[in-house]
Structure formats: structure tokens, C-alpha cells
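Reproduced below: coords.pdb, with PDB, C-alpha atoms and all ligand atoms.
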ATOM      1  CA  MET A  25     127.509 121.345 115.281
ATOM      2  CA  ASN A  26     130.482 119.119 115.432
ATOM      3  CA  THR A  27     131.791 117.218 112.410
ATOM      4  CA  TYR A  28     134.577 114.668 111.961
ATOM      5  CA  LEU A  29     136.007 113.401 108.670
ATOM      6  CA  HIS A  30     138.056 110.419 107.697
ATOM      7  CA  CYS A  31     139.230 109.556 104.187
ATOM      8  CA  LEU A  32     140.806 106.168 103.573
ATOM      9  CA  SER A  33     141.947 104.225 100.530
ATOM     10  CA  HIS A  34     140.137 100.912 100.112
ATOM     11  CA  THR A  35     141.376  97.751  98.476
ATOM     12  CA  PRO A  36     139.729  94.349  98.266
ATOM     13  CA  LEU A  37     143.176  92.701  98.152
ATOM     14  CA  VAL A  38     143.634  92.877 101.951
ATOM     15  CA  GLY A  39     144.171  89.292 103.104
ATOM     16  CA  TYR A  40     144.697  88.060  99.520
ATOM     17  CA  VAL A  41     147.981  89.719  98.483
ATOM     18  CA  ASP A  42     149.469  91.438 101.517
ATOM     19  CA  PRO A  43     152.625  93.554 101.895
ATOM     20  CA  ALA A  44     155.407  92.571 104.350
ATOM     21  CA  GLN A  45     154.399  92.201 108.007
ATOM     22  CA  ASP A  46     156.022  95.493 109.078
ATOM     23  CA  VAL A  47     153.978  97.409 106.464
ATOM     24  CA  LEU A  48     150.830  95.543 107.450
ATOM     25  CA  ASP A  49     151.462  96.401 111.121
ATOM     26  CA  GLU A  50     152.029 100.038 110.183
ATOM     27  CA  VAL A  51     148.737 100.261 108.215
ATOM     28  CA  ASN A  52     146.827  98.402 110.931
ATOM     29  CA  GLY A  53     148.191 100.890 113.453
ATOM     30  CA  VAL A  54     147.053 103.834 111.314
ATOM     31  CA  ILE A  55     143.552 102.366 110.963
ATOM     32  CA  ALA A  56     143.332 101.501 114.672
ATOM     33  CA  ALA A  57     144.292 105.084 115.589
ATOM     34  CA  ALA A  58     141.653 106.468 113.207
ATOM     35  CA  ARG A  59     139.079 104.074 114.682
ATOM     36  CA  ASP A  60     139.928 105.316 118.183
ATOM     37  CA  ARG A  61     139.545 108.970 117.161
ATOM     38  CA  ILE A  62     136.178 108.161 115.568
ATOM     39  CA  ALA A  63     135.044 106.227 118.651
ATOM     40  CA  ALA A  64     135.967 109.230 120.820
ATOM     41  CA  PHE A  65     133.916 111.450 118.507
ATOM     42  CA  ASP A  66     130.993 109.009 118.921
ATOM     43  CA  PRO A  67     129.133 109.750 115.634
ATOM     44  CA  GLU A  68     125.341 109.793 115.534
ATOM     45  CA  LEU A  69     125.255 109.801 111.712
ATOM     46  CA  VAL A  70     127.695 108.780 108.971
ATOM     47  CA  VAL A  71     127.791 110.210 105.459
ATOM     48  CA  LEU A  72     129.809 107.850 103.300
ATOM     49  CA  PHE A  73     131.083 108.872  99.846
ATOM     50  CA  ALA A  74     132.262 105.794  97.924
ATOM     51  CA  PRO A  75     132.535 104.431  94.386
ATOM     52  CA  ASP A  76     131.373 101.178  92.801
ATOM     53  CA  HIS A  77     133.179  98.678  90.574
ATOM     54  CA  TYR A  78     130.349  97.377  88.325
ATOM     55  CA  ASN A  79     128.757  95.566  91.236
ATOM     56  CA  GLY A  80     125.815  97.880  91.851
ATOM     57  CA  PHE A  81     125.875 100.489  89.076
ATOM     58  CA  PHE A  82     125.809  99.541  85.385
ATOM     59  CA  TYR A  83     125.393 101.139  82.000
ATOM     60  CA  ASP A  84     121.627 100.565  82.004
ATOM     61  CA  VAL A  85     121.543 103.748  84.117
ATOM     62  CA  MET A  86     124.867 105.212  85.244
ATOM     63  CA  PRO A  87     124.415 108.348  87.386
ATOM     64  CA  PRO A  88     127.396 110.517  88.357
ATOM     65  CA  PHE A  89     126.085 110.691  91.946
ATOM     66  CA  CYS A  90     123.445 108.648  93.770
ATOM     67  CA  LEU A  91     122.207 108.767  97.355
ATOM     68  CA  GLY A  92     120.971 105.472  98.765
ATOM     69  CA  VAL A  93     117.641 105.823 100.560
ATOM     70  CA  GLY A  94     117.960 102.069 101.064
ATOM     71  CA  ALA A  95     121.168 100.099 100.472
ATOM     72  CA  HIS A  96     122.761  96.672 100.882
ATOM     73  CA  ALA A  97     126.318  95.420 100.449
ATOM     74  CA  ILE A  98     126.968  92.317  98.342
ATOM     75  CA  GLY A  99     130.086  91.088 100.181
ATOM     76  CA  ASP A 100     132.527  90.865  97.258
ATOM     77  CA  PHE A 101     136.002  89.531  98.017
ATOM     78  CA  SER A 102     135.797  89.127 101.821
ATOM     79  CA  SER A 103     133.963  92.350 102.600
ATOM     80  CA  ALA A 104     130.878  92.414 104.803
ATOM     81  CA  ALA A 105     127.479  91.694 103.257
ATOM     82  CA  GLY A 106     124.155  92.995 104.501
ATOM     83  CA  VAL A 107     121.795  95.913 104.859
ATOM     84  CA  LEU A 108     123.134  99.400 105.589
ATOM     85  CA  PRO A 109     121.114 101.222 108.285
ATOM     86  CA  VAL A 110     119.924 104.176 106.187
ATOM     87  CA  PRO A 111     117.384 106.516 107.865
ATOM     88  CA  PRO A 112     114.983 106.907 104.893
ATOM     89  CA  ALA A 113     113.272 110.185 105.884
ATOM     90  CA  LEU A 114     116.628 111.871 106.493
ATOM     91  CA  ALA A 115     118.003 110.556 103.188
ATOM     92  CA  GLU A 116     114.935 111.879 101.345
ATOM     93  CA  ALA A 117     115.286 115.274 103.029
ATOM     94  CA  CYS A 118     118.960 115.374 102.050
ATOM     95  CA  ALA A 119     118.169 114.517  98.413
ATOM     96  CA  HIS A 120     115.504 117.251  98.241
ATOM     97  CA  GLU A 121     117.823 119.898  99.709
ATOM     98  CA  VAL A 122     120.698 118.979  97.382
ATOM     99  CA  MET A 123     118.396 119.052  94.331
ATOM    100  CA  LYS A 124     117.005 122.419  95.454
ATOM    101  CA  SER A 125     120.531 123.777  95.529
ATOM    102  CA  GLY A 126     120.991 122.938  91.825
ATOM    103  CA  ILE A 127     122.882 119.641  92.008
ATOM    104  CA  ASP A 128     121.380 116.633  90.228
ATOM    105  CA  LEU A 129     121.608 113.842  92.787
ATOM    106  CA  ALA A 130     119.954 110.550  91.811
ATOM    107  CA  VAL A 131     118.353 108.417  94.501
ATOM    108  CA  SER A 132     118.049 104.656  94.867
ATOM    109  CA  TYR A 133     115.749 102.882  97.283
ATOM    110  CA  CYS A 134     117.614  99.606  96.718
ATOM    111  CA  MET A 135     121.226 100.623  96.133
ATOM    112  CA  GLN A 136     123.606  97.702  95.747
ATOM    113  CA  VAL A 137     127.139  98.450  96.969
ATOM    114  CA  ASP A 138     130.459  96.620  97.174
ATOM    115  CA  HIS A 139     133.750  96.701  99.090
ATOM    116  CA  GLY A 140     134.074 100.427  98.334
ATOM    117  CA  PHE A 141     131.298 101.103 100.863
ATOM    118  CA  ALA A 142     131.678  98.071 103.116
ATOM    119  CA  GLN A 143     135.400  98.303 103.870
ATOM    120  CA  PRO A 144     135.469 101.731 105.589
ATOM    121  CA  LEU A 145     132.395 100.833 107.660
ATOM    122  CA  GLU A 146     134.087  97.621 108.772
ATOM    123  CA  PHE A 147     137.562  99.058 109.334
ATOM    124  CA  LEU A 148     136.553 102.344 110.973
ATOM    125  CA  LEU A 149     133.298 101.488 112.761
ATOM    126  CA  GLY A 150     133.475  97.720 113.217
ATOM    127  CA  GLY A 151     130.636  96.739 110.870
ATOM    128  CA  LEU A 152     127.963  97.845 108.421
ATOM    129  CA  ASP A 153     125.240  98.323 111.013
ATOM    130  CA  LYS A 154     126.919 100.291 113.809
ATOM    131  CA  VAL A 155     125.768 103.857 112.986
ATOM    132  CA  PRO A 156     122.957 105.227 110.737
ATOM    133  CA  VAL A 157     124.473 106.018 107.346
ATOM    134  CA  LEU A 158     123.703 108.135 104.290
ATOM    135  CA  PRO A 159     125.574 106.299 101.484
ATOM    136  CA  VAL A 160     126.525 108.458  98.495
ATOM    137  CA  PHE A 161     127.810 106.784  95.335
ATOM    138  CA  ILE A 162     130.263 108.740  93.158
ATOM    139  CA  ASN A 163     130.979 107.224  89.761
ATOM    140  CA  GLY A 164     134.746 106.720  89.635
ATOM    141  CA  VAL A 165     135.159 104.014  86.983
ATOM    142  CA  ALA A 166     132.479 104.197  84.273
ATOM    143  CA  PRO A 167     132.935 107.083  81.777
ATOM    144  CA  PRO A 168     131.555 109.686  81.404
ATOM    145  CA  LEU A 169     132.761 110.583  84.892
ATOM    146  CA  PRO A 170     131.876 113.629  86.983
ATOM    147  CA  GLY A 171     134.688 116.170  87.203
ATOM    148  CA  PHE A 172     136.364 117.679  90.242
ATOM    149  CA  GLN A 173     134.292 120.866  90.235
ATOM    150  CA  ARG A 174     130.909 119.171  90.062
ATOM    151  CA  THR A 175     131.950 116.724  92.756
ATOM    152  CA  ARG A 176     133.070 119.567  95.023
ATOM    153  CA  LEU A 177     129.742 121.373  94.524
ATOM    154  CA  MET A 178     127.829 118.184  95.318
ATOM    155  CA  GLY A 179     129.901 117.700  98.485
ATOM    156  CA  GLU A 180     129.331 121.305  99.555
ATOM    157  CA  ALA A 181     125.563 120.936  99.030
ATOM    158  CA  ILE A 182     125.489 117.832 101.221
ATOM    159  CA  GLY A 183     127.629 119.642 103.807
ATOM    160  CA  ARG A 184     125.163 122.544 103.915
ATOM    161  CA  PHE A 185     122.378 120.057 104.604
ATOM    162  CA  LEU A 186     124.425 118.404 107.354
ATOM    163  CA  SER A 187     125.122 121.761 108.954
ATOM    164  CA  THR A 188     121.365 122.138 109.616
ATOM    165  CA  LEU A 189     121.277 118.929 111.679
ATOM    166  CA  ASN A 190     121.981 119.050 115.347
ATOM    167  CA  GLN A 191     123.983 115.819 115.263
ATOM    168  CA  ARG A 192     127.567 114.591 115.506
ATOM    169  CA  VAL A 193     128.215 113.693 111.872
ATOM    170  CA  LEU A 194     131.108 111.580 110.620
ATOM    171  CA  ILE A 195     131.945 112.159 106.939
ATOM    172  CA  LEU A 196     133.814 109.302 105.249
ATOM    173  CA  GLY A 197     135.557 109.186 101.855
ATOM    174  CA  SER A 198     136.512 105.769 100.491
ATOM    175  CA  GLY A 199     138.900 105.229  97.604
ATOM    176  CA  GLY A 200     141.969 106.090  95.628
ATOM    177  CA  LEU A 201     144.596 107.319  95.581
ATOM    178  CA  SER A 202     146.647 106.621  92.422
ATOM    179  CA  HIS A 203     145.904 103.135  91.083
ATOM    180  CA  GLN A 204     144.635 101.226  88.101
ATOM    181  CA  PRO A 205     143.475  97.685  88.877
ATOM    182  CA  PRO A 206     142.057  95.633  85.982
ATOM    183  CA  VAL A 207     138.501  97.005  86.108
ATOM    184  CA  PRO A 208     136.737  96.272  82.778
ATOM    185  CA  GLU A 209     136.083  99.067  80.276
ATOM    186  CA  LEU A 210     133.053  99.297  78.011
ATOM    187  CA  VAL A 211     135.147 100.437  75.019
ATOM    188  CA  HIS A 212     137.272  97.288  75.152
ATOM    189  CA  ALA A 213     134.586  94.830  76.242
ATOM    190  CA  ASP A 214     133.706  91.724  74.228
ATOM    191  CA  ALA A 215     130.030  90.818  73.784
ATOM    192  CA  HIS A 216     129.812  88.899  77.068
ATOM    193  CA  MET A 217     131.514  91.623  79.133
ATOM    194  CA  ARG A 218     129.427  94.306  77.417
ATOM    195  CA  ASP A 219     126.324  92.439  78.524
ATOM    196  CA  ARG A 220     127.674  92.315  82.095
ATOM    197  CA  LEU A 221     128.532  96.024  82.114
ATOM    198  CA  LEU A 222     125.073  96.868  80.819
ATOM    199  CA  GLY A 223     123.507  95.268  83.871
ATOM    200  CA  SER A 224     123.395  91.497  83.676
ATOM    201  CA  GLY A 225     126.316  91.528  86.155
ATOM    202  CA  ARG A 226     124.093  92.615  89.040
ATOM    203  CA  ALA A 227     124.120  89.069  90.460
ATOM    204  CA  LEU A 228     127.148  87.314  88.960
ATOM    205  CA  PRO A 229     127.096  83.502  88.934
ATOM    206  CA  PRO A 230     129.519  82.210  91.636
ATOM    207  CA  ASP A 231     132.039  80.813  89.130
ATOM    208  CA  GLU A 232     132.187  84.131  87.280
ATOM    209  CA  ARG A 233     132.495  86.062  90.551
ATOM    210  CA  GLU A 234     135.409  83.798  91.523
ATOM    211  CA  LEU A 235     137.112  84.281  88.133
ATOM    212  CA  ARG A 236     136.681  88.043  88.358
ATOM    213  CA  GLN A 237     138.253  88.198  91.823
ATOM    214  CA  GLN A 238     141.087  85.859  90.813
ATOM    215  CA  ARG A 239     141.891  88.141  87.879
ATOM    216  CA  VAL A 240     142.419  91.075  90.278
ATOM    217  CA  ILE A 241     144.477  88.917  92.675
ATOM    218  CA  ASN A 242     146.690  87.690  89.814
ATOM    219  CA  ALA A 243     147.146  91.243  88.557
ATOM    220  CA  ALA A 244     148.289  92.337  92.044
ATOM    221  CA  ARG A 245     150.841  89.504  92.280
ATOM    222  CA  LYS A 246     152.167  90.396  88.844
ATOM    223  CA  PHE A 247     152.313  94.127  89.680
ATOM    224  CA  VAL A 248     154.669  93.317  92.586
ATOM    225  CA  SER A 249     157.134  91.375  90.426
ATOM    226  CA  GLU A 250     156.563  93.372  87.197
ATOM    227  CA  PRO A 251     155.878  97.036  88.089
ATOM    228  CA  ASP A 252     155.272  97.896  84.416
ATOM    229  CA  SER A 253     152.332  95.490  84.191
ATOM    230  CA  LEU A 254     149.870  98.160  85.425
ATOM    231  CA  HIS A 255     149.771 101.972  85.394
ATOM    232  CA  PRO A 256     152.348 103.047  88.036
ATOM    233  CA  LEU A 257     151.324 104.383  91.436
ATOM    234  CA  ASN A 258     152.193 108.077  91.738
ATOM    235  CA  PRO A 259     153.301 109.062  95.268
ATOM    236  CA  VAL A 260     154.218 112.597  94.145
ATOM    237  CA  TRP A 261     150.708 113.299  92.853
ATOM    238  CA  ASP A 262     149.086 111.526  95.804
ATOM    239  CA  ASN A 263     151.006 113.656  98.310
ATOM    240  CA  ARG A 264     150.264 116.855  96.396
ATOM    241  CA  PHE A 265     146.589 115.938  96.446
ATOM    242  CA  MET A 266     146.574 115.283 100.195
ATOM    243  CA  THR A 267     148.410 118.551 100.857
ATOM    244  CA  LEU A 268     145.808 120.513  98.854
ATOM    245  CA  LEU A 269     143.050 118.979 100.954
ATOM    246  CA  GLU A 270     144.920 119.687 104.185
ATOM    247  CA  GLN A 271     145.368 123.317 103.147
ATOM    248  CA  GLY A 272     141.655 123.747 102.336
ATOM    249  CA  LYS A 273     142.486 124.279  98.653
ATOM    250  CA  VAL A 274     140.107 121.669  97.243
ATOM    251  CA  ALA A 275     138.818 124.150  94.610
ATOM    252  CA  GLU A 276     142.280 124.222  92.991
ATOM    253  CA  LEU A 277     141.528 120.718  91.706
ATOM    254  CA  ASP A 278     138.704 122.143  89.547
ATOM    255  CA  ALA A 279     141.359 122.914  86.935
ATOM    256  CA  VAL A 280     142.453 119.266  86.626
ATOM    257  CA  SER A 281     140.589 117.451  83.837
ATOM    258  CA  ASN A 282     139.549 113.820  84.073
ATOM    259  CA  GLU A 283     141.945 112.971  81.219
ATOM    260  CA  GLU A 284     144.848 114.576  83.107
ATOM    261  CA  LEU A 285     143.977 112.683  86.267
ATOM    262  CA  SER A 286     143.853 109.321  84.435
ATOM    263  CA  ALA A 287     147.248 110.025  82.845
ATOM    264  CA  LEU A 288     148.834 111.120  86.133
ATOM    265  CA  ALA A 289     147.434 108.571  88.515
ATOM    266  CA  GLY A 290     145.584 105.805  86.632
ATOM    267  CA  ARG A 291     142.004 105.208  85.561
ATOM    268  CA  SER A 292     140.763 104.273  89.051
ATOM    269  CA  ALA A 293     142.305 107.372  90.655
ATOM    270  CA  HIS A 294     138.924 109.015  89.992
ATOM    271  CA  GLU A 295     137.926 107.388  93.272
ATOM    272  CA  ILE A 296     139.664 110.352  94.948
ATOM    273  CA  LYS A 297     136.545 112.356  94.103
ATOM    274  CA  THR A 298     135.143 110.690  97.245
ATOM    275  CA  TRP A 299     137.828 112.540  99.239
ATOM    276  CA  VAL A 300     137.007 115.763  97.381
ATOM    277  CA  ALA A 301     133.289 115.453  98.197
ATOM    278  CA  ALA A 302     134.089 114.605 101.819
ATOM    279  CA  PHE A 303     136.372 117.627 102.310
ATOM    280  CA  ALA A 304     133.926 119.884 100.458
ATOM    281  CA  ALA A 305     131.118 118.706 102.762
ATOM    282  CA  LEU A 306     133.290 119.303 105.816
ATOM    283  CA  SER A 307     134.251 122.788 104.653
ATOM    284  CA  ALA A 308     130.530 123.661 104.442
ATOM    285  CA  CYS A 309     130.256 122.734 108.131
ATOM    286  CA  GLY A 310     132.962 125.147 109.288
ATOM    287  CA  ALA A 311     136.696 125.711 109.577
ATOM    288  CA  PHE A 312     138.672 122.508 110.142
ATOM    289  CA  ARG A 313     142.100 121.148 110.987
ATOM    290  CA  THR A 314     143.512 117.842 109.756
ATOM    291  CA  GLU A 315     145.235 115.093 111.707
ATOM    292  CA  GLY A 316     146.638 111.580 111.277
ATOM    293  CA  ARG A 317     147.986 111.989 107.721
ATOM    294  CA  TYR A 318     149.480 108.771 106.341
ATOM    295  CA  TYR A 319     150.591 107.673 102.905
ATOM    296  CA  ARG A 320     152.430 104.726 101.412
ATOM    297  CA  PRO A 321     152.357 103.216  97.911
ATOM    298  CA  ILE A 322     151.434  99.531  98.364
ATOM    299  CA  PRO A 323     151.727  97.597  95.078
ATOM    300  CA  GLN A 324     150.458  94.359  96.686
ATOM    301  CA  TRP A 325     147.120  96.153  97.150
ATOM    302  CA  ILE A 326     147.343  98.051  93.835
ATOM    303  CA  ALA A 327     146.941 101.188  95.903
ATOM    304  CA  GLY A 328     148.489 104.500  96.645
ATOM    305  CA  PHE A 329     147.282 103.985 100.192
ATOM    306  CA  GLY A 330     146.304 107.122 102.105
ATOM    307  CA  SER A 331     144.536 107.972 105.331
ATOM    308  CA  LEU A 332     143.593 111.431 106.595
ATOM    309  CA  SER A 333     141.295 112.753 109.315
ATOM    310  CA  ALA A 334     139.920 116.229 109.921
ATOM    311  CA  THR A 335     137.773 117.875 112.561
ATOM    312  CA  THR A 336     135.781 121.093 112.841
ATOM    313  CA  GLN A 337     136.762 121.281 116.533
ATOM    314  CA  ILE A 338     139.735 123.625 116.369
TER
HETATM  315  O1  LIG A 401     137.720  94.702  90.554
HETATM  316  C1  LIG A 401     137.406  95.289  91.567
HETATM  317  O2  LIG A 401     136.359  95.029  92.149
HETATM  318  C2  LIG A 401     138.278  96.355  92.135
HETATM  319  C3  LIG A 401     139.411  96.101  92.768
HETATM  320  C4  LIG A 401     140.304  97.082  93.404
HETATM  321  C5  LIG A 401     141.650  96.776  93.499
HETATM  322  C6  LIG A 401     142.548  97.678  94.071
HETATM  323  C7  LIG A 401     142.144  98.908  94.582
HETATM  324  C8  LIG A 401     140.796  99.234  94.500
HETATM  325  O3  LIG A 401     140.346 100.456  94.917
HETATM  326  C9  LIG A 401     139.876  98.334  93.953
HETATM  327  O4  LIG A 401     138.583  98.676  93.985
HETATM  328 FE    FE A 402     138.208 100.765  94.295
END
What does this structure look like when you write it as C-alpha cells?
Amino acid sequence: MNTYLHCLSHTPLVGYVDPAQDVLDEVNGVIAAARDRIAAFDPELVVLFAPDHYNGFFYDVMPPFCLGVGAHAIGDFSSAAGVLPVPPALAEACAHEVMKSGIDLAVSYCMQVDHGFAQPLEFLLGGLDKVPVLPVFINGVAPPLPGFQRTRLMGEAIGRFLSTLNQRVLILGSGGLSHQPPVPELVHADAHMRDRLLGSGRALPPDERELRQQRVINAARKFVSEPDSLHPLNPVWDNRFMTLLEQGKVAELDAVSNEELSALAGRSAHEIKTWVAAFAALSACGAFRTEGRYYRPIPQWIAGFGSLSATTQI
């Protein structure tokens, strides 16, 4: 079996608060090159690890991990909206195998997802509906969060399942690296926000959706002119993290607590667990080599922006 991986930061601020043209050209070039490598690989199945930002998962039931047996994207900011082409029997088989291996993976037959899932499918494959996809949610914003070790074990279990398929599988990780956009927190929420975080935010009224997006856009503009207005990006940590993944040392992250990660890289840096799961899944499919490493801190996008591919064809 032949497996390809690509991990990519996402940010809904693309097109709203952009960096200088030369940086934009550089990032577009990196994404275009990744898209070409993926097209050459010609995936038959995608496994996409991604987080949510209180658009599909709420505190009525907040699982650490959830596999979508059916899923649709809401189209927040300017991301694509629509149904994701999930093969239901394959998703069910995957869930059963992962549960059998001792990992508690929730399932949803109507999983609602946001830009975290939509953006990599658009940027790397050209749309939501191009290739059958198994979408796997990893909670990266709503404490209590899964830790590095549990996430690695979940990724490995999915990888073992993939290794039994005779298909060209593309594994995607969407999120991170260091960043802390103004995502609401239950501990600091007023009564209205608490209500939203508990689940009445599933279909936000248009005016509230607009206000929410504008708040993130304003925070990005301010972050550019006032770097102390948000938790700083951390290029040193981000590069260390990418090097560990490149070297196949993902298990070394087990020792990093969630509190340490928040302090080092910001509260939304937990999205990097999507990269951890992706590399863990790949490692269960065989030895790999990485290619196309890219990193740049981009304050306009409130993102330590990284991109990294890997292949089991060595
Ligand atoms: O509020 C949201 O929906 C999240 C915004 C955001 C901003 C910057 C980087 C990210 O990864 C985000 O999800
Ligand atoms: Fe995000």
C-alpha cells in the first residue's frame, strides 16, 4: 500500500487580512506545489484530521475525537459549503476497528464542520467533493482536550485500519501551528455566549455570524499593528515541532502537557494534534520520508503557518 500525507495550517482570514503580496505569492506557491504532488499521487481515499471552532461541536456533547460517517461543511468565512463524500460502510468499519483496538472514537452520522475541514479540501484537492473522505474531528479548542499521547494512539489505530485497505490513501492534517485567535472560552462566557457554546450556536443567525467573523478580522488587524494584543506566535516551538515529526519522533511529544502547549504556543495551538494524528497514522502504514517543508509566522492570518508532506514511497 502506498500512502501520502500533507499537513497544512488553516486560517479563515485568507482574503480578509492578507500579508504582503510577496508572502502571499510564496504561500500560494507552496500550496500549489503540494497540490501537484497530491495530484501525482492520485488519492483514492482521503483521511482528514481537523478541529472545529464551535461551529459543529458544542458542550452539549464534546467528544475528544469523532469520525463523521456523514458530514457537511457550513461555509463559514468564505470556505466551501456542502456535503463531504463520506463512504459510510468504510467509515463504520474504521470506527469498529479503532474501538476494537481500545480507542474511544465517537461517530456522527450528521457531522457539521467548518473551515478547519473545508480549507484543506479546497486548497489541496480543489473542492469538498473531489475524493471520498473519512473526516476525523479532534477537539482542539474546548477543554478538556485530548493530550498528545492519546491523539497519537488514535492516529496509529486509524493508520492500522488504513494499512489493511488496498487503496492509495491521502492523510491530511489541518491546523495550528502556534496561534491564539479570539475563540470564545466557556469559563469566561457571559450567559448568551454560554448558551451558544452549549449548542444553540449550531445555526447562528446571520447578523451574529457576521459579528463573530468581524471580531476575528478586527483581532487580526490589531495583531499586526499591536503584536502584544494576542498570545505571540512561536516560530522556535513550531520549527521544533515540525523537526520532531520529520524525524519520526512523534512519541516524544507525549511528555508535553496541554498546559505547557498553551503557554508555549497559544490556546489554539492544540490544533497541531491533527498533525500528530496524521503522522501517527502514516507511521502505522510504513517507513516514510518527508518533503516540501515550509514555515513562516504570518500575523495577518493569526497563524504560525506550516506545510509539510510525507510519503511511504522511499
Ligand atoms: O473563530 C474562528 O472561527 C477561528 C478563527 C481562526 C483564526 C486564525 C487561525 C485559525 O486556525 C482559526 O481557526
Ligand atoms: Fe483553527
Which residues of chain A sit at most 10 Å from ligand FE 402 (chain A), using only C-alpha atoms and all ligand atoms? Give each one's shortest atom pair and distance in Å (one decimal place), in chain and ascending residue order, as a Markdown table.
| residue | atom | partner | partner_atom | distance |
| --- | --- | --- | --- | --- |
| A:Ser33 | CA | A:FE402 | FE | 8.1 |
| A:His34 | CA | A:FE402 | FE | 6.1 |
| A:Thr35 | CA | A:FE402 | FE | 6.0 |
| A:Pro36 | CA | A:FE402 | FE | 7.7 |
| A:Ala74 | CA | A:FE402 | FE | 8.6 |
| A:Pro75 | CA | A:FE402 | FE | 6.8 |
| A:Asp76 | CA | A:FE402 | FE | 7.0 |
| A:His77 | CA | A:FE402 | FE | 6.6 |
| A:Asp138 | CA | A:FE402 | FE | 9.2 |
| A:His139 | CA | A:FE402 | FE | 7.7 |
| A:Gly140 | CA | A:FE402 | FE | 5.8 |
| A:Phe141 | CA | A:FE402 | FE | 9.5 |
| A:Gly164 | CA | A:FE402 | FE | 8.3 |
| A:Val165 | CA | A:FE402 | FE | 8.6 |
| A:Ser198 | CA | A:FE402 | FE | 8.1 |
| A:Gly199 | CA | A:FE402 | FE | 5.6 |
| A:Gly200 | CA | A:FE402 | FE | 6.7 |
| A:Leu201 | CA | A:FE402 | FE | 9.2 |
| A:His203 | CA | A:FE402 | FE | 8.7 |
| A:Gln204 | CA | A:FE402 | FE | 8.9 |
| A:Pro205 | CA | A:FE402 | FE | 8.2 |
| A:Val207 | CA | A:FE402 | FE | 9.0 |
| A:Ser292 | CA | A:FE402 | FE | 6.8 |
| A:Ala293 | CA | A:FE402 | FE | 8.6 |
| A:His294 | CA | A:FE402 | FE | 9.3 |
| A:Glu295 | CA | A:FE402 | FE | 6.7 |
| A:Ile296 | CA | A:FE402 | FE | 9.7 |
| A:Ile326 | CA | A:FE402 | FE | 9.5 |
| A:Ala327 | CA | A:FE402 | FE | 8.9 |
Legend entry - Selection result for the PyMOL selection byres (((chain A and resi 329) around 12) and not hetatm) on this file, as an MDAnalysis selection string: chainID A and resid 31:35 38 43 47:48 50:51 54:55 198:203 257:259 262:263 266 293 296 317:328 330:332
Take the residues from that selection and write them out as a short mmCIF file (atom, residue, chain, number, x, y, z; two decimals), in the coordinates of the input, keeping C-alpha atoms.
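Generated output (result36.cif):
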data_model
loop_
_atom_site.label_atom_id
_atom_site.label_comp_id
_atom_site.auth_asym_id
_atom_site.auth_seq_id
_atom_site.Cartn_x
_atom_site.Cartn_y
_atom_site.Cartn_z
CA CYS A 31 139.23 109.56 104.19
CA LEU A 32 140.81 106.17 103.57
CA SER A 33 141.95 104.22 100.53
CA HIS A 34 140.14 100.91 100.11
CA THR A 35 141.38 97.75 98.48
CA VAL A 38 143.63 92.88 101.95
CA PRO A 43 152.62 93.55 101.90
CA VAL A 47 153.98 97.41 106.46
CA LEU A 48 150.83 95.54 107.45
CA GLU A 50 152.03 100.04 110.18
CA VAL A 51 148.74 100.26 108.22
CA VAL A 54 147.05 103.83 111.31
CA ILE A 55 143.55 102.37 110.96
CA SER A 198 136.51 105.77 100.49
CA GLY A 199 138.90 105.23 97.60
CA GLY A 200 141.97 106.09 95.63
CA LEU A 201 144.60 107.32 95.58
CA SER A 202 146.65 106.62 92.42
CA HIS A 203 145.90 103.14 91.08
CA LEU A 257 151.32 104.38 91.44
CA ASN A 258 152.19 108.08 91.74
CA PRO A 259 153.30 109.06 95.27
CA ASP A 262 149.09 111.53 95.80
CA ASN A 263 151.01 113.66 98.31
CA MET A 266 146.57 115.28 100.20
CA ALA A 293 142.30 107.37 90.66
CA ILE A 296 139.66 110.35 94.95
CA ARG A 317 147.99 111.99 107.72
CA TYR A 318 149.48 108.77 106.34
CA TYR A 319 150.59 107.67 102.90
CA ARG A 320 152.43 104.73 101.41
CA PRO A 321 152.36 103.22 97.91
CA ILE A 322 151.43 99.53 98.36
CA PRO A 323 151.73 97.60 95.08
CA GLN A 324 150.46 94.36 96.69
CA TRP A 325 147.12 96.15 97.15
CA ILE A 326 147.34 98.05 93.84
CA ALA A 327 146.94 101.19 95.90
CA GLY A 328 148.49 104.50 96.64
CA GLY A 330 146.30 107.12 102.10
CA SER A 331 144.54 107.97 105.33
CA LEU A 332 143.59 111.43 106.60
#
Inset, instruction - Can you work out which one of A:Gly272, A:Gly80, A:Pro170, A:Gly94 has the shortest atom-to-atom distance to ligand LIG 401 (chain A), counting only C-alpha atoms and all ligand atoms? - result: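 Result for the nearest residue to ligand LIG 401 (chain A): A:Gly80.
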For region 265-278 of chain A, I'd like the enclosing box, axis-aligned and padded by 4 Å on every side, reported as AutoDock Vina command-line options with centre and edge lengths in Å to one decimal.
--center_x 143.6 --center_y 119.8 --center_z 96.9 --size_x 17.7 --size_y 17.0 --size_z 22.6
Inset, instruction - Find the residue from A:Val155, A:Leu288, A:Val41, A:Leu210 that sits nearest to ligand LIG 401 (chain A); use all atoms listed in the file when measuring. - result: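 Distance minimum relative to ligand LIG 401 (chain A) lands on A:Val41.
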Inset, instruction - Find, counting all atoms listed in the file, the residue in A:Cys309, A:Ala275, A:Ala57, A:Leu29 that gets nearest to Gly197 (chain A). - result: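 Ranking A:Cys309, A:Ala275, A:Ala57, A:Leu29 by distance to Gly197 (chain A), first place goes to A:Leu29.
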Legend entry - Distance in Å - CA of Met123 (chain A) versus CA of Leu177 (chain A):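 Computed distance, CA of Met123 (chain A) to CA of Leu177 (chain A), equals 11.6 Å.
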So which residues are close to (121.7, 101.3, 101.7), meaning at most 8 Å away in the file's coordinates with only C-alpha atoms counted, and can you show them as a CSV table (one decimal) with C-alpha atoms, in the coordinates of the input?
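Writing done, so here's selection.csv:
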chain,number,residue,atom,x,y,z
A,92,GLY,CA,121.0,105.5,98.8
A,93,VAL,CA,117.6,105.8,100.6
A,94,GLY,CA,118.0,102.1,101.1
A,95,ALA,CA,121.2,100.1,100.5
A,96,HIS,CA,122.8,96.7,100.9
A,97,ALA,CA,126.3,95.4,100.4
A,107,VAL,CA,121.8,95.9,104.9
A,108,LEU,CA,123.1,99.4,105.6
A,109,PRO,CA,121.1,101.2,108.3
A,110,VAL,CA,119.9,104.2,106.2
A,133,TYR,CA,115.7,102.9,97.3
A,134,CYS,CA,117.6,99.6,96.7
A,135,MET,CA,121.2,100.6,96.1
A,136,GLN,CA,123.6,97.7,95.7
A,137,VAL,CA,127.1,98.4,97.0
A,157,VAL,CA,124.5,106.0,107.3
A,158,LEU,CA,123.7,108.1,104.3
A,159,PRO,CA,125.6,106.3,101.5
Legend entry - Selected residue of minimal separation from ligand LIG 401 (chain A) among A:Ser125, A:Asn242, A:Gln271, A:Thr175, counting all atoms listed in the file: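 Using all atoms listed in the file, ligand LIG 401 (chain A) sits closest to A:Asn242.
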Inset, instruction - Find, counting only C-alpha atoms and all ligand atoms, the residue in A:Ala308, A:Ala243, A:Ile162, A:Ala63 that gets nearest to ligand LIG 401 (chain A). - result: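 Looking only at the distances to ligand LIG 401 (chain A), the closest residue turns out to be A:Ala243.
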